[in-house]
>>> print(open('start_37.cif').read())   # mmCIF, C-alpha atoms
data_target
#
loop_
_atom_site.label_atom_id
_atom_site.label_comp_id
_atom_site.auth_asym_id
_atom_site.auth_seq_id
_atom_site.Cartn_x
_atom_site.Cartn_y
_atom_site.Cartn_z
CA GLU A 1 -1.52 -19.99 3.28
CA VAL A 2 -1.92 -16.36 4.32
CA GLN A 3 -4.99 -14.89 2.62
CA LEU A 4 -7.01 -11.68 2.77
CA LEU A 5 -10.42 -11.40 1.14
CA ASP A 6 -11.80 -7.88 0.68
CA SER A 7 -15.52 -7.29 0.22
CA GLY A 8 -18.24 -4.66 0.55
CA GLY A 9 -17.43 -2.38 -2.36
CA ASP A 10 -20.43 -0.91 -4.17
CA PHE A 11 -21.87 2.05 -6.04
CA VAL A 12 -23.00 4.78 -3.64
CA GLN A 13 -24.20 8.37 -3.96
CA PRO A 14 -22.21 11.31 -2.56
CA GLY A 15 -22.87 11.71 1.15
CA GLY A 16 -23.64 8.02 1.52
CA SER A 17 -22.02 5.35 3.68
CA LEU A 18 -20.43 1.97 3.10
CA ARG A 19 -18.66 -0.63 5.23
CA LEU A 20 -15.81 -2.66 3.81
CA SER A 21 -14.69 -5.98 5.27
CA CYS A 22 -11.49 -7.97 5.01
CA ALA A 23 -11.55 -11.62 6.07
CA ALA A 24 -8.16 -12.99 7.09
CA SER A 25 -6.95 -16.58 7.22
CA GLY A 26 -3.72 -18.54 7.54
CA PHE A 27 -2.10 -16.46 10.28
CA THR A 28 -2.66 -15.23 13.83
CA PHE A 29 -4.78 -12.23 12.90
CA GLY A 30 -4.73 -10.52 16.30
CA GLY A 31 -0.95 -10.45 16.29
CA TYR A 32 -0.70 -8.15 13.29
CA ALA A 33 -1.40 -4.51 12.60
CA MET A 34 -3.60 -4.06 9.54
CA THR A 35 -3.98 -1.31 6.97
CA TRP A 36 -6.31 -0.07 4.23
CA VAL A 37 -4.73 1.32 1.06
CA ARG A 38 -6.70 2.69 -1.90
CA GLN A 39 -6.06 3.32 -5.56
CA ALA A 40 -8.22 5.70 -7.57
CA PRO A 41 -8.76 4.74 -11.23
CA GLY A 42 -5.54 5.25 -13.15
CA LYS A 43 -3.81 6.73 -10.11
CA GLY A 44 -1.24 5.66 -7.54
CA LEU A 45 -1.50 4.02 -4.14
CA GLU A 46 -2.72 6.04 -1.16
CA TRP A 47 -2.47 4.99 2.47
CA VAL A 48 -5.89 5.35 4.14
CA SER A 49 -5.80 3.96 7.67
CA SER A 50 -4.00 1.55 9.99
CA ILE A 51 -4.93 -0.22 13.23
CA SER A 52 -2.79 -2.03 15.79
CA GLY A 53 -3.22 -5.74 16.46
CA SER A 54 -5.07 -5.13 19.71
CA ALA A 55 -7.12 -2.30 18.17
CA ASP A 56 -5.96 0.16 20.83
CA SER A 57 -4.33 2.46 18.26
CA THR A 58 -5.76 3.78 15.01
CA TYR A 59 -4.33 6.15 12.41
CA TYR A 60 -5.89 7.99 9.47
CA ALA A 61 -4.83 9.93 6.40
CA ASN A 62 -5.84 13.57 6.57
CA SER A 63 -8.09 13.03 3.53
CA VAL A 64 -10.38 10.63 5.43
CA LYS A 65 -10.00 11.70 9.06
CA GLY A 66 -13.37 12.29 10.69
CA ARG A 67 -15.25 10.42 7.94
CA PHE A 68 -13.75 6.90 7.99
CA THR A 69 -13.38 4.54 10.94
CA ILE A 70 -11.13 1.49 10.98
CA SER A 71 -11.92 -1.39 13.33
CA ARG A 72 -11.32 -5.10 13.73
CA ASP A 73 -12.89 -8.16 15.30
CA ASN A 74 -10.07 -10.50 16.27
CA SER A 75 -12.53 -13.25 17.26
CA ARG A 76 -13.79 -13.30 13.66
CA ASN A 77 -10.41 -12.56 12.00
CA THR A 78 -11.99 -9.62 10.21
CA LEU A 79 -10.93 -6.03 9.50
CA PHE A 80 -13.45 -3.29 8.75
CA LEU A 81 -13.54 0.19 7.25
CA GLN A 82 -16.66 2.23 7.91
CA MET A 83 -16.86 5.02 5.35
CA ASN A 84 -19.29 7.91 5.90
CA SER A 85 -19.91 11.18 4.07
CA LEU A 86 -18.48 9.68 0.92
CA ARG A 87 -17.22 11.97 -1.83
CA ALA A 88 -16.52 11.46 -5.52
CA GLU A 89 -12.80 11.56 -4.74
CA ASP A 90 -13.18 8.48 -2.54
CA THR A 91 -13.84 6.43 -5.67
CA ALA A 92 -11.10 3.78 -5.71
CA VAL A 93 -10.19 0.15 -5.32
CA TYR A 94 -9.67 -0.44 -1.61
CA TYR A 95 -7.11 -3.01 -0.50
CA CYS A 96 -6.58 -4.39 2.96
CA ALA A 97 -3.04 -5.40 3.82
CA THR A 98 -1.12 -6.90 6.72
CA GLY A 99 1.17 -4.44 8.42
CA GLY A 100 0.92 -1.03 9.99
CA LEU A 101 2.39 2.43 9.74
CA TYR A 102 5.89 1.14 9.03
CA GLY A 103 4.86 0.07 5.54
CA ASP A 104 5.57 -3.62 5.96
CA PHE A 105 2.61 -4.61 3.77
CA PHE A 106 3.50 -8.22 3.06
CA THR A 107 0.09 -9.58 2.12
CA TRP A 108 -2.69 -7.81 0.22
CA GLY A 109 -6.32 -8.59 -0.46
CA GLN A 110 -7.59 -8.67 -4.02
CA GLY A 111 -9.24 -5.27 -3.65
CA THR A 112 -12.86 -4.11 -3.64
CA LEU A 113 -14.19 -1.27 -5.82
CA VAL A 114 -16.00 1.68 -4.29
CA THR A 115 -17.67 4.06 -6.72
CA VAL A 116 -19.13 7.33 -5.44
CA SER A 117 -21.28 9.06 -8.01
CA SER A 118 -24.67 10.67 -8.47
CA GLN B 1 1.48 13.06 4.78
CA SER B 2 2.92 14.47 1.54
CA ALA B 3 3.46 12.14 -1.38
CA LEU B 4 7.01 11.01 -2.07
CA THR B 5 8.50 11.98 -5.45
CA GLN B 6 9.29 9.32 -8.05
CA PRO B 7 10.06 9.62 -11.78
CA ALA B 8 6.96 8.91 -13.86
CA SER B 9 8.74 6.38 -16.02
CA VAL B 10 11.99 4.54 -16.56
CA SER B 11 13.01 2.03 -19.18
CA GLY B 12 15.74 -0.46 -19.90
CA SER B 13 16.64 -3.37 -22.14
CA PRO B 14 16.70 -6.98 -21.00
CA GLY B 15 19.82 -7.72 -18.99
CA GLN B 16 20.45 -4.09 -18.10
CA SER B 17 20.09 -2.47 -14.66
CA ILE B 18 17.78 0.38 -13.77
CA THR B 19 17.37 2.50 -10.66
CA ILE B 20 14.18 4.20 -9.48
CA SER B 21 14.55 7.09 -7.05
CA CYS B 22 12.14 8.10 -4.30
CA THR B 23 12.64 11.54 -2.76
CA GLY B 24 11.03 12.51 0.50
CA THR B 25 11.92 14.86 3.31
CA SER B 26 13.64 14.84 6.68
CA SER B 27 10.22 14.01 8.16
CA ASP B 28 9.86 10.70 6.36
CA VAL B 29 12.55 9.02 4.23
CA GLY B 30 15.36 10.96 5.90
CA SER B 31 14.35 10.13 9.45
CA TYR B 32 13.47 6.45 9.35
CA ASN B 33 14.89 3.27 7.83
CA LEU B 34 11.32 2.27 7.02
CA VAL B 35 11.14 2.55 3.24
CA SER B 36 9.44 -0.20 1.28
CA TRP B 37 8.91 -0.80 -2.43
CA TYR B 38 5.93 -2.42 -4.17
CA GLN B 39 5.58 -3.92 -7.62
CA GLU B 40 2.16 -3.75 -9.27
CA HIS B 41 1.20 -5.52 -12.46
CA PRO B 42 -1.99 -4.41 -14.26
CA GLY B 43 -5.10 -5.75 -12.60
CA LYS B 44 -3.17 -7.33 -9.74
CA ALA B 45 -2.66 -6.38 -6.10
CA PRO B 46 0.69 -4.81 -5.20
CA LYS B 47 3.53 -7.05 -4.04
CA VAL B 48 6.33 -6.03 -1.69
CA VAL B 49 9.81 -6.41 -3.18
CA ILE B 50 11.88 -4.45 -0.61
CA TYR B 51 11.17 -3.48 3.01
CA GLU B 52 13.09 -1.56 5.67
CA VAL B 53 15.17 0.12 2.93
CA SER B 54 17.14 -2.91 1.76
CA LYS B 55 15.58 -6.16 3.03
CA ARG B 56 14.18 -8.62 0.55
CA PRO B 57 11.15 -10.77 1.43
CA SER B 58 11.41 -14.50 0.97
CA GLY B 59 10.74 -15.43 -2.62
CA VAL B 60 11.76 -12.10 -4.16
CA SER B 61 14.59 -12.30 -6.66
CA ASN B 62 18.01 -11.07 -5.54
CA ARG B 63 17.98 -8.92 -8.68
CA PHE B 64 15.99 -6.44 -6.58
CA SER B 65 17.94 -4.26 -4.13
CA GLY B 66 17.26 -1.12 -2.15
CA SER B 67 19.30 1.67 -0.61
CA LYS B 68 18.93 5.11 0.95
CA SER B 69 20.98 8.27 1.16
CA GLY B 70 19.65 11.25 3.04
CA ASN B 71 16.09 11.98 1.97
CA THR B 72 16.26 9.78 -1.14
CA ALA B 73 15.69 6.05 -1.37
CA SER B 74 16.43 3.95 -4.44
CA LEU B 75 15.29 0.66 -5.92
CA THR B 76 17.69 -1.07 -8.31
CA ILE B 77 16.68 -3.94 -10.56
CA SER B 78 19.58 -5.73 -12.19
CA GLY B 79 19.46 -8.17 -15.10
CA LEU B 80 16.15 -6.77 -16.32
CA GLN B 81 13.60 -9.33 -17.45
CA ALA B 82 10.36 -8.89 -19.37
CA GLU B 83 8.38 -9.88 -16.26
CA ASP B 84 9.79 -6.87 -14.38
CA GLU B 85 7.67 -4.53 -16.51
CA ALA B 86 5.24 -3.07 -13.99
CA ASP B 87 4.48 -0.04 -11.86
CA TYR B 88 6.68 0.47 -8.80
CA TYR B 89 5.76 2.45 -5.69
CA CYS B 90 7.93 3.52 -2.78
CA CYS B 91 6.47 3.94 0.68
CA SER B 92 7.82 5.49 3.86
CA TYR B 93 6.79 5.83 7.47
CA ALA B 94 6.20 9.52 8.16
CA GLY B 95 5.73 9.72 11.91
CA THR B 96 1.98 10.25 11.99
CA GLY B 97 1.14 8.19 8.96
CA THR B 98 2.50 6.51 5.88
CA SER B 99 3.29 8.07 2.51
CA PHE B 100 3.46 6.50 -0.93
CA GLY B 101 5.27 7.80 -3.96
CA GLY B 102 3.36 8.64 -7.11
CA GLY B 103 4.60 5.51 -8.84
CA THR B 104 7.06 4.75 -11.65
CA LYS B 105 6.18 2.83 -14.79
CA LEU B 106 9.03 0.50 -15.77
CA THR B 107 9.14 -0.44 -19.43
CA VAL B 108 11.38 -3.28 -20.56
CA LEU B 109 12.31 -2.48 -24.14
#
>>> encode(input="start_37.cif", output="structure tokens")
Amino acid sequence: EVQLLDSGGDFVQPGGSLRLSCAASGFTFGGYAMTWVRQAPGKGLEWVSSISGSADSTYYANSVKGRFTISRDNSRNTLFLQMNSLRAEDTAVYYCATGGLYGDFFTWGQGTLVTVSS
Amino acid sequence: QSALTQPASVSGSPGQSITISCTGTSSDVGSYNLVSWYQEHPGKAPKVVIYEVSKRPSGVSNRFSGSKSGNTASLTISGLQAEDEADYYCCSYAGTGTSFGGGTKLTVL
């Protein structure tokens, strides 16, 4: 069974950092692009970042460019999102999903909550 | 990376059909056959119901269908059922990134 398990969400002060992880199982992880999508409380979905299967290409939403870094470790079947210089508006549930820029997000993690507040 | 435009809400009675529109621009919806639709129930992760404009993933009811004309994509749900009540989001490739719509709340009366 294809599964994604998000983790790493926490309460952090503005300007702080956090690293999210997404453990994948049930499929050939390195053969798939992966994406992070977030959802602020009571709001809609927002694409955050995508990475190719081989990690040679990365893409970012303008709202996080220069602050967030997406990466992956195909030997450990794990996707990461390093978030620096966090702002209140980054508060959201963060989901990892299979698929890349084309929006073919077939499998989603359960989500992990990031709260940025003083 | 501008958000796509969806109606805030739609409603229908059981057995009826409803259509949710998703309007983008010539830089996203109008240029690529890469529109997908996601169903989200409260407290649950989103689930894809349509991809590449009109393709249905395995396991998704054939009551769900998608189409596109120009810069506007549409999701149609026929034979409405109570379980269809959820939020629906469109999504489109936009060249340098991916854009989601603001979401549409479907109420089954």
>>> interface_residues(input="start_37.cif", of="chain B", to="chain A", cutoff="8 Å", atoms="all atoms listed in the file", output="PyMOL selection string")
chain B and resi 1+34-36+44-48+51-52+89+91-93+96-103
>>> write_last_selection(input="start_37.cif", atoms="C-alpha atoms", output="compact mmCIF listing (two decimals), in the coordinates of the input")
# COMPACT_ATOMS: atom_id res chain seq x y z
CA GLN B 1 1.48 13.06 4.78
CA LEU B 34 11.32 2.27 7.02
CA VAL B 35 11.14 2.55 3.24
CA SER B 36 9.44 -0.20 1.28
CA LYS B 44 -3.17 -7.33 -9.74
CA ALA B 45 -2.66 -6.38 -6.10
CA PRO B 46 0.69 -4.81 -5.20
CA LYS B 47 3.53 -7.05 -4.04
CA VAL B 48 6.33 -6.03 -1.69
CA TYR B 51 11.17 -3.48 3.01
CA GLU B 52 13.09 -1.56 5.67
CA TYR B 89 5.76 2.45 -5.69
CA CYS B 91 6.47 3.94 0.68
CA SER B 92 7.82 5.49 3.86
CA TYR B 93 6.79 5.83 7.47
CA THR B 96 1.98 10.25 11.99
CA GLY B 97 1.14 8.19 8.96
CA THR B 98 2.50 6.51 5.88
CA SER B 99 3.29 8.07 2.51
CA PHE B 100 3.46 6.50 -0.93
CA GLY B 101 5.27 7.80 -3.96
CA GLY B 102 3.36 8.64 -7.11
CA GLY B 103 4.60 5.51 -8.84
>>> resolve_selection(input="start_37.cif", expression="the PyMOL selection byres ((chain A and resi 23) around 12)", output="ChimeraX atom specification")
/A:2-8,20-22,24-27,29,34,72-80,95-98,108-111
>>> write_last_selection(input="start_37.cif", atoms="C-alpha atoms", output="PDB file, keeping the file's coordinate frame")
ATOM      1  CA  VAL A   2      -1.920 -16.360   4.320  1.00  0.00           C
ATOM      2  CA  GLN A   3      -4.990 -14.890   2.620  1.00  0.00           C
ATOM      3  CA  LEU A   4      -7.010 -11.680   2.770  1.00  0.00           C
ATOM      4  CA  LEU A   5     -10.420 -11.400   1.140  1.00  0.00           C
ATOM      5  CA  ASP A   6     -11.800  -7.880   0.680  1.00  0.00           C
ATOM      6  CA  SER A   7     -15.520  -7.290   0.220  1.00  0.00           C
ATOM      7  CA  GLY A   8     -18.240  -4.660   0.550  1.00  0.00           C
ATOM      8  CA  LEU A  20     -15.810  -2.660   3.810  1.00  0.00           C
ATOM      9  CA  SER A  21     -14.690  -5.980   5.270  1.00  0.00           C
ATOM     10  CA  CYS A  22     -11.490  -7.970   5.010  1.00  0.00           C
ATOM     11  CA  ALA A  24      -8.160 -12.990   7.090  1.00  0.00           C
ATOM     12  CA  SER A  25      -6.950 -16.580   7.220  1.00  0.00           C
ATOM     13  CA  GLY A  26      -3.720 -18.540   7.540  1.00  0.00           C
ATOM     14  CA  PHE A  27      -2.100 -16.460  10.280  1.00  0.00           C
ATOM     15  CA  PHE A  29      -4.780 -12.230  12.900  1.00  0.00           C
ATOM     16  CA  MET A  34      -3.600  -4.060   9.540  1.00  0.00           C
ATOM     17  CA  ARG A  72     -11.320  -5.100  13.730  1.00  0.00           C
ATOM     18  CA  ASP A  73     -12.890  -8.160  15.300  1.00  0.00           C
ATOM     19  CA  ASN A  74     -10.070 -10.500  16.270  1.00  0.00           C
ATOM     20  CA  SER A  75     -12.530 -13.250  17.260  1.00  0.00           C
ATOM     21  CA  ARG A  76     -13.790 -13.300  13.660  1.00  0.00           C
ATOM     22  CA  ASN A  77     -10.410 -12.560  12.000  1.00  0.00           C
ATOM     23  CA  THR A  78     -11.990  -9.620  10.210  1.00  0.00           C
ATOM     24  CA  LEU A  79     -10.930  -6.030   9.500  1.00  0.00           C
ATOM     25  CA  PHE A  80     -13.450  -3.290   8.750  1.00  0.00           C
ATOM     26  CA  TYR A  95      -7.110  -3.010  -0.500  1.00  0.00           C
ATOM     27  CA  CYS A  96      -6.580  -4.390   2.960  1.00  0.00           C
ATOM     28  CA  ALA A  97      -3.040  -5.400   3.820  1.00  0.00           C
ATOM     29  CA  THR A  98      -1.120  -6.900   6.720  1.00  0.00           C
ATOM     30  CA  TRP A 108      -2.690  -7.810   0.220  1.00  0.00           C
ATOM     31  CA  GLY A 109      -6.320  -8.590  -0.460  1.00  0.00           C
ATOM     32  CA  GLN A 110      -7.590  -8.670  -4.020  1.00  0.00           C
ATOM     33  CA  GLY A 111      -9.240  -5.270  -3.650  1.00  0.00           C
TER      34      GLY A 111
END
>>> resolve_selection(input="start_37.cif", expression="the PyMOL selection byres ((chain B and resi 17) around 9)", output="list of chain:residue names")
B:Gly12, B:Ser13, B:Pro14, B:Gly15, B:Gln16, B:Ile18, B:Thr19, B:Thr76, B:Ile77, B:Ser78, B:Gly79, B:Leu80
>>> resolve_selection(input="start_37.cif", expression="the PyMOL selection byres ((chain B and resi 87) around 6)", output="short mmCIF file (atom, residue, chain, number, x, y, z; two decimals) with C-alpha atoms, in the frame of the given file")
data_model
loop_
_atom_site.label_atom_id
_atom_site.label_comp_id
_atom_site.auth_asym_id
_atom_site.auth_seq_id
_atom_site.Cartn_x
_atom_site.Cartn_y
_atom_site.Cartn_z
CA GLN B 39 5.58 -3.92 -7.62
CA GLU B 40 2.16 -3.75 -9.27
CA ALA B 86 5.24 -3.07 -13.99
CA TYR B 88 6.68 0.47 -8.80
CA THR B 104 7.06 4.75 -11.65
CA LYS B 105 6.18 2.83 -14.79
#
>>> atom_distance(input="start_37.cif", atom1="CA of Gln6 (chain B)", atom2="CA of Val49 (chain B)")
16.5 Å
>>> atom_distance(input="start_37.cif", atom1="CA of Gly42 (chain A)", atom2="CA of Ser21 (chain B)")
21.1 Å
>>> axis_aligned_box(input="start_37.cif", around="region 85-103 of chain B", padding_each_side="3 Å", output="lines of an AutoDock Vina configuration file")
center_x = 4.5
center_y = 2.9
center_z = -2.3
size_x = 12.8
size_y = 20.8
size_z = 34.5
>>> residues_around(input="start_37.cif", residues="Asn84 (chain A)", least_positions_apart="5", cutoff="10 Å", atoms="all atoms listed in the file", output="list in words")
Pro14, Gly15, Gly16, Ser17, Leu18, Arg19, Val64, Gly66, Arg67, Phe68 and Thr69 of chain A
>>> atom_distance(input="start_37.cif", atom1="CA of Ile51 (chain A)", atom2="CA of Ala33 (chain A)")
5.6 Å
>>> closest_residue(input="start_37.cif", among="A:Val12, A:Gly99, A:Pro41, A:Arg87", to="Gly43 (chain B)", atoms="only C-alpha atoms")
A:Pro41
>>> closest_residue(input="start_37.cif", among="B:Gly66, B:Asn71, B:Val108, B:Ser9", to="Ser27 (chain B)", atoms="only C-alpha atoms")
B:Asn71
>>> closest_residue(input="start_37.cif", among="B:Ile20, B:Ala94, B:Glu85, B:Asp28", to="Ser65 (chain B)", atoms="all atoms listed in the file")
B:Ile20
>>> build_atoms(input="start_37.cif", residues="region 63-85 of chain A", atoms="N, CA and C atoms", output="compact mmCIF listing (two decimals), in the coordinates of the input")
# COMPACT_ATOMS: atom_id res chain seq x y z
N SER A 63 -6.99 12.98 4.50
CA SER A 63 -8.09 13.03 3.53
C SER A 63 -9.34 12.29 3.99
N VAL A 64 -9.22 11.41 4.99
CA VAL A 64 -10.38 10.63 5.43
C VAL A 64 -10.69 10.82 6.91
N LYS A 65 -9.84 11.53 7.61
CA LYS A 65 -10.00 11.70 9.06
C LYS A 65 -11.35 12.35 9.36
N GLY A 66 -12.06 11.78 10.32
CA GLY A 66 -13.37 12.29 10.69
C GLY A 66 -14.51 11.70 9.88
N ARG A 67 -14.21 11.03 8.79
CA ARG A 67 -15.25 10.42 7.94
C ARG A 67 -15.16 8.89 7.94
N PHE A 68 -13.95 8.35 8.02
CA PHE A 68 -13.75 6.90 7.99
C PHE A 68 -13.36 6.41 9.38
N THR A 69 -13.76 5.16 9.68
CA THR A 69 -13.38 4.54 10.94
C THR A 69 -12.90 3.12 10.68
N ILE A 70 -11.69 2.83 11.12
CA ILE A 70 -11.13 1.49 10.98
C ILE A 70 -11.39 0.72 12.28
N SER A 71 -11.70 -0.56 12.15
CA SER A 71 -11.92 -1.39 13.33
C SER A 71 -11.61 -2.83 12.96
N ARG A 72 -11.60 -3.68 13.97
CA ARG A 72 -11.32 -5.10 13.73
C ARG A 72 -12.03 -5.94 14.77
N ASP A 73 -12.32 -7.18 14.38
CA ASP A 73 -12.89 -8.16 15.30
C ASP A 73 -11.94 -9.36 15.28
N ASN A 74 -11.08 -9.44 16.27
CA ASN A 74 -10.07 -10.50 16.27
C ASN A 74 -10.69 -11.88 16.49
N SER A 75 -11.87 -11.95 17.07
CA SER A 75 -12.53 -13.25 17.26
C SER A 75 -13.05 -13.79 15.94
N ARG A 76 -13.28 -12.89 14.98
CA ARG A 76 -13.79 -13.30 13.66
C ARG A 76 -12.74 -13.12 12.57
N ASN A 77 -11.51 -12.75 12.98
CA ASN A 77 -10.41 -12.56 12.00
C ASN A 77 -10.82 -11.62 10.87
N THR A 78 -11.46 -10.52 11.23
CA THR A 78 -11.99 -9.62 10.21
C THR A 78 -11.63 -8.16 10.51
N LEU A 79 -11.25 -7.46 9.47
CA LEU A 79 -10.93 -6.03 9.50
C LEU A 79 -12.06 -5.28 8.82
N PHE A 80 -12.37 -4.09 9.32
CA PHE A 80 -13.45 -3.29 8.75
C PHE A 80 -12.99 -1.88 8.43
N LEU A 81 -13.70 -1.24 7.50
CA LEU A 81 -13.54 0.19 7.25
C LEU A 81 -14.93 0.78 7.04
N GLN A 82 -15.38 1.54 8.01
CA GLN A 82 -16.66 2.23 7.91
C GLN A 82 -16.42 3.58 7.25
N MET A 83 -17.07 3.80 6.12
CA MET A 83 -16.86 5.02 5.35
C MET A 83 -18.15 5.83 5.32
N ASN A 84 -18.13 7.01 5.88
CA ASN A 84 -19.29 7.91 5.90
C ASN A 84 -19.00 9.17 5.10
N SER A 85 -20.04 9.91 4.81
CA SER A 85 -19.91 11.18 4.07
C SER A 85 -19.03 11.01 2.84
